[in-house]
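What follows is one structure encoded as structure tokens, with my remarks underneath.
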Amino acid sequence: MGQSEYGLYSLIISIVGYFSILDLGIGSTIIRYIARNRVTGDKESESSLNGMFLSIYGIIGIISIAAGLILYFNLHNIFGATITAEQLGKARIMLLLLVLNTAITFPLSIFVFLMKSYERFVITKTLGIVRSVLGPCIVIILLFFGFGVVSLIVVKVVLNIIFLIINLLYCIKILKIRLYFGNINFSLLKEIIRYSFFIFLNIIIDKIYWNI
């Protein structure tokens with residue numbers, strides 16, 4: 001890639017990486033509450049929980065798009081003095097792709113957490129290993145044939161969406177997961193928010209600690 005393109009790649013990845021805090025600790029909360037609900041075997045309650053979690057993640061996805069667009073239109077003001085016009089153009093493309101990836105990942109990631117709450121650890125880890133190996137192999141081939149830094153982001157986004165869809169299909173076809181978007185149980189929602197807040201706080205502290 002060369003130093004300048006690698007630097008650009010690292011810059012955009014690190015910026016969009018902060019969007020992960022929008023998870024708000026909901027991921028771990030899903031595992032806890034769905035696993036607890038499975039003990040009672042109440043499928044109606046579980047489908048309502050699934051619908052509520054998907055709605056929350058859908059809202060977070062929309063917020064991430066809004067934040068990404070604000071960043072996109074201010075990228076020149078933030079980095080215009082330190083990177084070239086060509087690099088700025090690439091940075092904008094990469095940012096848009098990664099913001100789109102984040103917006104899709106939030107709602108679809110619920111199915112990854114559902115698989116974990118159903119203790120399907122073998123399938124989740126196997127998919128993770130395949131993705132971890134496949135990504136670099138494709139990237140190396142593309143770089144060998146002269147493709148630039150944008151191709152790395154395209155590979156990252158495409159692979160992520162493919163594996164998210166695999167998780168979705170597994171949950172619907174194999175685990176028979178159902179989602180119900182009916183009345184929201186606000187007392188349960190308050191309990192979930194209280195529980196996820198401390199996980200969210202831990203995520204913030206972790207980010208600050210490792211960046212410092």
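Numbering starts fresh at 1 for the residues of each chain in the structure tokens, the chains themselves are lettered A, B, ... in the order given, and ligands are numbered from 1 as they appear.
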Near Ile104 in chain A, counting only C-alpha atoms, which residues have an atom at most 10 Å away, once you skip same-chain residues fewer than 2 positions from it, shown as a list in words?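 Returned residues: Tyr57, Gly58, Gly61, Ile62, Ser64, Ile65, Leu98, Val99, Leu100, Asn101, Thr102, Phe106, Pro107, Leu108, Ser109, Val157, Asn160, Ile161 and Leu164 of chain A.
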Which range 105-172 of chain A residues have any atom within 12 Å of an atom of range 30-48 of chain A, and for each, what is the nearest pair of atoms with distance in Å to one decimal, counting only C-alpha atoms, rows sorted by chain and number, as CSV?
residue,atom,partner,partner_atom,distance
A:Ser109,CA,A:Ile30,CA,10.5
A:Ile110,CA,A:Ile30,CA,7.6
A:Phe111,CA,A:Ile30,CA,9.8
A:Val112,CA,A:Ile31,CA,9.5
A:Phe113,CA,A:Ile31,CA,5.8
A:Leu114,CA,A:Ile31,CA,6.5
A:Met115,CA,A:Ile31,CA,8.7
A:Lys116,CA,A:Ile31,CA,6.6
A:Ser117,CA,A:Ile31,CA,4.7
A:Tyr118,CA,A:Ala35,CA,6.9
A:Glu119,CA,A:Ala35,CA,8.8
A:Arg120,CA,A:Ile31,CA,11.8
A:Ile172,CA,A:Ser47,CA,11.8
CA of Phe19 in chain A to CA of Ile208 in chain A, distance in Å rounded to a single decimal: 13.8 Å
Would you give me, as a Markdown table, each residue of range 24-95 of chain A having an atom within 9 Å of an atom of range 146-151 of chain A, along with its shortest atom pair and that distance in Å to one decimal, using only C-alpha atoms and sorting by chain and residue number?
| residue | atom | partner | partner_atom | distance |
| --- | --- | --- | --- | --- |
| A:Lys90 | CA | A:Val150 | CA | 6.8 |
| A:Ala91 | CA | A:Val150 | CA | 8.5 |
| A:Ile93 | CA | A:Val150 | CA | 7.5 |
| A:Met94 | CA | A:Val150 | CA | 6.1 |
Looking only at the backbone, which of the residues in chain A does DSSP tag as helix (DSSP H, G or I), as a PyMOL selection string? chain A and resi 3-23+26-40+43-73+75-79+85-108+110-117+121-144+149-174+186-211
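With only C-alpha atoms as the atoms that count, the residue of A:Lys190, A:Phe163, A:Ser4, A:Phe53 with the shortest distance to Ile129 in chain A is A:Phe163.
Going from CA of Asn167 in chain A over to CA of Leu127 in chain A, you cover 8.9 Å.
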Near-Ile184 in chain A list (10 Å; only C-alpha atoms; drop same-chain fewer than 6 positions) as a list in words: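 Contacts, with the query itself left out: Ser48, Leu49, Gly51 and Met52 of chain A.
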Pick from A:Lys173, A:Ser28, A:Phe198, A:Leu96, whichever lies nearest to Val154 in chain A using only C-alpha atoms: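 Looking only at the distances to Val154 in chain A, the closest residue turns out to be A:Leu96.
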